[in-house]
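Asks: Dropping the structure in here first, questions after.
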Amino acid sequence: MSPKGNNEVIYPFGHTTIPSSQIVMTSRLSYVAVNIKPVVPYHLLVIPKRQGTSRLYDLTCDETADLFNLAKKAQRLVEQVRGVKSSTIAIQDGEDAGQTVKHVHVHVLPREKDDFAENDDIYSELAKHDQPNAETRRIIGYHRSLEDMEKEAEILRQYMQENEDKF
């Protein structure tokens, strides 16, 4: 994490960074961010703060525990906000597993009944949701605006603040 000129904190995420305006919550070693290209509404990413953690096995035991404890809080949050009782929690660990950002991260996807024709279709959607076009190397498909991402993060932070006894 590094401060930006306007007092905004920038969080590392592989080859890119995430501004604090898109951060939902943090812990000592991890943070939760909204997703630029969500597969379902309120699709969150739980990410270790330390750079150089491209794979799950790169994390220390303390970082692993912190990451998954924060993932549980993120899961509780998005399930409550969406009014659902289920989630898919996933890690694409390595390029051949579909990882496109070389920084380990946990996907938290709140689920509702029949949100996909086949329940496991979520995995194929997750695998292709941020894949680059083979020719241009650019991510294809819908990307949310900075404003939409900031708005979603603010909704989630506000919900947490109003219901802090649950988190």
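Lettering and numbering for the structure tokens are positional, with chains as A, B, ... in the shown order, residues counted from 1 in each chain, and ligands counted from 1 in the shown order.
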Please give the complete set of residues from chain A that DSSP, run on the backbone, assigns to strand (DSSP E or B), formatted as a VMD selection string.

Replies: chain A and resid 2 to 3 9 to 13 16 to 19 23 to 26 30 to 34 44 to 48 86 to 90 106 to 111 132 139

Asks: Show me a table, sorted first by chain and then by increasing residue number, of the residues of range 71-143 of chain A having an atom at most 9 Å from range 44-59 of chain A, each with its shortest atom pair and the distance in Å to one decimal, counting only C-alpha atoms and written as a Markdown table.

Replies:
```
| residue | atom | partner | partner_atom | distance |
| --- | --- | --- | --- | --- |
| A:Ala71 | CA | A:Val46 | CA | 6.0 |
| A:Ala74 | CA | A:Leu44 | CA | 7.5 |
| A:Gln75 | CA | A:Leu44 | CA | 8.6 |
| A:Val78 | CA | A:Leu44 | CA | 8.3 |
| A:Ile91 | CA | A:Leu56 | CA | 8.6 |
| A:Asp93 | CA | A:Arg55 | CA | 5.8 |
| A:Gly94 | CA | A:Arg55 | CA | 6.6 |
| A:Val101 | CA | A:Ser54 | CA | 8.0 |
| A:Lys102 | CA | A:Ser54 | CA | 4.7 |
| A:His103 | CA | A:Ser54 | CA | 3.8 |
| A:Val104 | CA | A:Ser54 | CA | 4.9 |
| A:His105 | CA | A:Ile47 | CA | 4.7 |
| A:Val106 | CA | A:Val46 | CA | 5.0 |
| A:His107 | CA | A:Leu45 | CA | 4.9 |
| A:Val108 | CA | A:Leu44 | CA | 5.1 |
| A:Leu109 | CA | A:Leu44 | CA | 6.6 |
| A:Pro110 | CA | A:Leu44 | CA | 8.9 |
```

Asks: Keeping only N, CA, C and O atoms, write those residues as a tab-separated table (two decimals), in the first residue's frame.

Replies:
```tsv
chain	number	residue	atom	x	y	z
A	71	ALA	N	-12.15	-13.25	4.04
A	71	ALA	CA	-13.08	-13.79	3.04
A	71	ALA	C	-14.40	-14.18	3.70
A	71	ALA	O	-15.48	-13.95	3.13
A	74	ALA	N	-16.31	-10.98	4.24
A	74	ALA	CA	-16.81	-10.48	2.96
A	74	ALA	C	-18.02	-11.30	2.51
A	74	ALA	O	-19.01	-10.76	2.01
A	75	GLN	N	-17.95	-12.59	2.71
A	75	GLN	CA	-19.06	-13.47	2.34
A	75	GLN	C	-20.31	-13.10	3.14
A	75	GLN	O	-21.40	-12.95	2.56
A	78	VAL	N	-21.77	-9.67	1.74
A	78	VAL	CA	-22.49	-9.65	0.46
A	78	VAL	C	-23.74	-10.53	0.49
A	78	VAL	O	-24.71	-10.21	-0.19
A	91	ILE	N	-10.64	-19.73	-5.87
A	91	ILE	CA	-9.30	-19.21	-6.16
A	91	ILE	C	-8.85	-19.84	-7.47
A	91	ILE	O	-8.85	-21.06	-7.60
A	93	ASP	N	-5.69	-20.43	-9.05
A	93	ASP	CA	-4.30	-20.37	-8.59
A	93	ASP	C	-3.33	-20.81	-9.68
A	93	ASP	O	-3.00	-21.98	-9.80
A	94	GLY	N	-2.90	-19.85	-10.48
A	94	GLY	CA	-1.97	-20.11	-11.58
A	94	GLY	C	-2.65	-19.90	-12.91
A	94	GLY	O	-3.87	-19.98	-13.04
A	101	VAL	N	-4.49	-12.18	-13.11
A	101	VAL	CA	-3.67	-11.23	-12.36
A	101	VAL	C	-2.75	-12.06	-11.48
A	101	VAL	O	-3.22	-12.85	-10.66
A	102	LYS	N	-1.46	-11.87	-11.64
A	102	LYS	CA	-0.50	-12.69	-10.90
A	102	LYS	C	-0.34	-12.18	-9.46
A	102	LYS	O	0.71	-11.68	-9.06
A	103	HIS	N	-1.43	-12.29	-8.73
A	103	HIS	CA	-1.49	-11.93	-7.31
A	103	HIS	C	-2.63	-12.76	-6.76
A	103	HIS	O	-3.78	-12.59	-7.19
A	104	VAL	N	-2.33	-13.70	-5.87
A	104	VAL	CA	-3.37	-14.59	-5.37
A	104	VAL	C	-4.56	-13.76	-4.86
A	104	VAL	O	-4.37	-12.69	-4.27
A	105	HIS	N	-5.76	-14.22	-5.13
A	105	HIS	CA	-6.96	-13.55	-4.63
A	105	HIS	C	-8.11	-14.55	-4.57
A	105	HIS	O	-8.17	-15.51	-5.33
A	106	VAL	N	-9.00	-14.29	-3.64
A	106	VAL	CA	-10.17	-15.13	-3.42
A	106	VAL	C	-11.38	-14.42	-4.01
A	106	VAL	O	-11.63	-13.26	-3.68
A	107	HIS	N	-12.12	-15.12	-4.85
A	107	HIS	CA	-13.37	-14.60	-5.38
A	107	HIS	C	-14.49	-14.96	-4.41
A	107	HIS	O	-14.62	-16.12	-4.03
A	108	VAL	N	-15.29	-13.98	-4.02
A	108	VAL	CA	-16.48	-14.22	-3.20
A	108	VAL	C	-17.67	-13.82	-4.06
A	108	VAL	O	-17.84	-12.65	-4.39
A	109	LEU	N	-18.47	-14.81	-4.42
A	109	LEU	CA	-19.59	-14.60	-5.33
A	109	LEU	C	-20.90	-14.99	-4.64
A	109	LEU	O	-21.18	-16.19	-4.48
A	110	PRO	N	-21.69	-14.02	-4.20
A	110	PRO	CA	-22.97	-14.35	-3.56
A	110	PRO	C	-23.92	-14.97	-4.59
A	110	PRO	O	-24.02	-14.48	-5.71
```

Asks: Tell me, as a PyMOL selection string, which residues lie within 12 Å of Leu146 in chain A, counting only C-alpha atoms; anything in the same chain fewer than 2 positions away does not count.

Replies: chain A and resi 18-22+34-37+143-144+148-153

Asks: Just to confirm, what's the straight-line distance from CA of Tyr11 in chain A to CA of Cys61 in chain A in Å (one decimal)?

Replies: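 Separation between CA of Tyr11 in chain A and CA of Cys61 in chain A: 21.1 Å.
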
Asks: Would you mind listing what lies within 12 Å of Leu126 in chain A as a PyMOL selection string, with only C-alpha atoms counted and same-chain residues fewer than 3 positions away left out?

Replies: chain A and resi 35+37-40+43+88-92+97-100+106-109+120-123+129-131

Asks: Between CA of Asp165 in chain A and CA of Val84 in chain A, what distance in Å does the model show, to one decimal?

Replies: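 Computing the Euclidean distance for CA of Asp165 in chain A and CA of Val84 in chain A yields 19.3 Å.
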
Asks: May I ask for the distance between CA of Phe116 in chain A and CA of Lys72 in chain A, given in Å to one decimal place?

Replies: 23.1 Å

Asks: Pull the helix (DSSP H, G or I) assignments for range 21-126 of chain A out of DSSP run on the backbone, and list those residues as a PyMOL selection string.

Replies: chain A and resi 21-22+56-58+61-82+95-97+121-126

Asks: Please dump the current selection as a compact mmCIF listing (two decimals), in the first residue's frame; keep N, CA, C and O atoms.

Replies:
```txt
# COMPACT_ATOMS: atom_id res chain seq x y z
N SER A 21 -10.83 3.99 -2.74
CA SER A 21 -12.25 4.23 -3.00
C SER A 21 -12.98 2.97 -3.45
O SER A 21 -14.21 2.90 -3.39
N GLN A 22 -12.23 1.95 -3.88
CA GLN A 22 -12.83 0.69 -4.32
C GLN A 22 -12.65 -0.42 -3.29
O GLN A 22 -12.97 -1.58 -3.55
N LEU A 56 -1.06 -19.12 -4.00
CA LEU A 56 -1.50 -19.37 -2.63
C LEU A 56 -0.34 -19.84 -1.76
O LEU A 56 -0.18 -19.41 -0.61
N TYR A 57 0.53 -20.67 -2.31
CA TYR A 57 1.65 -21.17 -1.51
C TYR A 57 2.71 -20.11 -1.22
O TYR A 57 3.62 -20.33 -0.44
N ASP A 58 2.61 -18.94 -1.82
CA ASP A 58 3.52 -17.84 -1.51
C ASP A 58 3.18 -17.14 -0.20
O ASP A 58 3.99 -16.38 0.32
N CYS A 61 1.70 -18.60 6.76
CA CYS A 61 0.53 -19.15 7.47
C CYS A 61 -0.32 -18.02 8.04
O CYS A 61 -1.56 -18.08 7.98
N ASP A 62 0.31 -16.98 8.55
CA ASP A 62 -0.42 -15.84 9.09
C ASP A 62 -1.21 -15.12 8.00
O ASP A 62 -2.37 -14.76 8.18
N GLU A 63 -0.60 -14.94 6.82
CA GLU A 63 -1.29 -14.29 5.71
C GLU A 63 -2.47 -15.15 5.22
O GLU A 63 -3.53 -14.62 4.88
N THR A 64 -2.28 -16.47 5.18
CA THR A 64 -3.35 -17.36 4.74
C THR A 64 -4.53 -17.29 5.69
O THR A 64 -5.68 -17.18 5.24
N ALA A 65 -4.27 -17.35 6.98
CA ALA A 65 -5.35 -17.26 7.96
C ALA A 65 -6.06 -15.92 7.85
O ALA A 65 -7.31 -15.85 7.87
N ASP A 66 -5.31 -14.85 7.73
CA ASP A 66 -5.89 -13.52 7.61
C ASP A 66 -6.75 -13.41 6.35
O ASP A 66 -7.87 -12.88 6.39
N LEU A 67 -6.25 -13.92 5.23
CA LEU A 67 -6.97 -13.87 3.96
C LEU A 67 -8.32 -14.58 4.08
O LEU A 67 -9.36 -14.03 3.69
N PHE A 68 -8.33 -15.78 4.63
CA PHE A 68 -9.58 -16.54 4.70
C PHE A 68 -10.52 -16.02 5.79
O PHE A 68 -11.74 -16.10 5.62
N ASN A 69 -9.99 -15.49 6.86
CA ASN A 69 -10.88 -14.86 7.85
C ASN A 69 -11.57 -13.63 7.27
O ASN A 69 -12.75 -13.39 7.52
N LEU A 70 -10.84 -12.86 6.46
CA LEU A 70 -11.46 -11.71 5.81
C LEU A 70 -12.45 -12.16 4.73
O LEU A 70 -13.50 -11.54 4.55
N ALA A 71 -12.15 -13.25 4.04
CA ALA A 71 -13.08 -13.79 3.04
C ALA A 71 -14.40 -14.18 3.70
O ALA A 71 -15.48 -13.95 3.13
N LYS A 72 -14.36 -14.73 4.90
CA LYS A 72 -15.59 -15.07 5.62
C LYS A 72 -16.41 -13.82 5.93
O LYS A 72 -17.64 -13.83 5.79
N LYS A 73 -15.75 -12.76 6.33
CA LYS A 73 -16.46 -11.50 6.61
C LYS A 73 -17.07 -10.93 5.33
O LYS A 73 -18.20 -10.44 5.33
N ALA A 74 -16.31 -10.98 4.24
CA ALA A 74 -16.81 -10.48 2.96
C ALA A 74 -18.02 -11.30 2.51
O ALA A 74 -19.01 -10.76 2.01
N GLN A 75 -17.95 -12.59 2.71
CA GLN A 75 -19.06 -13.47 2.34
C GLN A 75 -20.31 -13.10 3.14
O GLN A 75 -21.40 -12.95 2.56
N ARG A 76 -20.17 -12.96 4.43
CA ARG A 76 -21.31 -12.59 5.27
C ARG A 76 -21.90 -11.26 4.80
O ARG A 76 -23.11 -11.11 4.69
N LEU A 77 -21.04 -10.31 4.51
CA LEU A 77 -21.49 -8.99 4.07
C LEU A 77 -22.31 -9.06 2.79
O LEU A 77 -23.44 -8.56 2.74
N VAL A 78 -21.77 -9.67 1.74
CA VAL A 78 -22.49 -9.65 0.46
C VAL A 78 -23.74 -10.53 0.49
O VAL A 78 -24.71 -10.21 -0.19
N GLU A 79 -23.74 -11.58 1.28
CA GLU A 79 -24.96 -12.38 1.41
C GLU A 79 -26.05 -11.55 2.08
O GLU A 79 -27.21 -11.60 1.65
N GLN A 80 -25.70 -10.80 3.10
CA GLN A 80 -26.70 -9.97 3.78
C GLN A 80 -27.19 -8.84 2.87
O GLN A 80 -28.39 -8.58 2.79
N VAL A 81 -26.29 -8.18 2.19
CA VAL A 81 -26.68 -7.07 1.31
C VAL A 81 -27.56 -7.58 0.17
O VAL A 81 -28.56 -6.93 -0.18
N ARG A 82 -27.22 -8.71 -0.41
CA ARG A 82 -28.02 -9.25 -1.52
C ARG A 82 -29.24 -10.03 -1.06
O ARG A 82 -30.11 -10.34 -1.86
N GLU A 95 -1.85 -19.60 -13.90
CA GLU A 95 -2.35 -19.26 -15.24
C GLU A 95 -3.22 -20.37 -15.83
O GLU A 95 -4.26 -20.09 -16.43
N ASP A 96 -2.81 -21.63 -15.66
CA ASP A 96 -3.57 -22.73 -16.24
C ASP A 96 -4.91 -22.95 -15.53
O ASP A 96 -5.78 -23.64 -16.06
N ALA A 97 -5.06 -22.35 -14.37
CA ALA A 97 -6.33 -22.42 -13.63
C ALA A 97 -7.21 -21.22 -13.92
O ALA A 97 -8.29 -21.07 -13.33
N ASP A 121 -22.15 -23.72 -13.86
CA ASP A 121 -21.82 -22.77 -14.94
C ASP A 121 -21.07 -21.56 -14.40
O ASP A 121 -20.37 -20.88 -15.16
N ILE A 122 -21.18 -21.31 -13.11
CA ILE A 122 -20.48 -20.16 -12.54
C ILE A 122 -18.97 -20.30 -12.74
O ILE A 122 -18.27 -19.31 -12.94
N TYR A 123 -18.47 -21.53 -12.74
CA TYR A 123 -17.04 -21.73 -12.90
C TYR A 123 -16.57 -21.40 -14.31
O TYR A 123 -15.50 -20.81 -14.48
N SER A 124 -17.35 -21.74 -15.32
CA SER A 124 -16.96 -21.38 -16.69
C SER A 124 -17.08 -19.87 -16.89
O SER A 124 -16.26 -19.27 -17.57
N GLU A 125 -18.09 -19.24 -16.26
CA GLU A 125 -18.20 -17.79 -16.34
C GLU A 125 -17.02 -17.11 -15.65
O GLU A 125 -16.47 -16.13 -16.15
N LEU A 126 -16.64 -17.63 -14.49
CA LEU A 126 -15.50 -17.09 -13.77
C LEU A 126 -14.22 -17.26 -14.59
O LEU A 126 -13.40 -16.34 -14.66
```
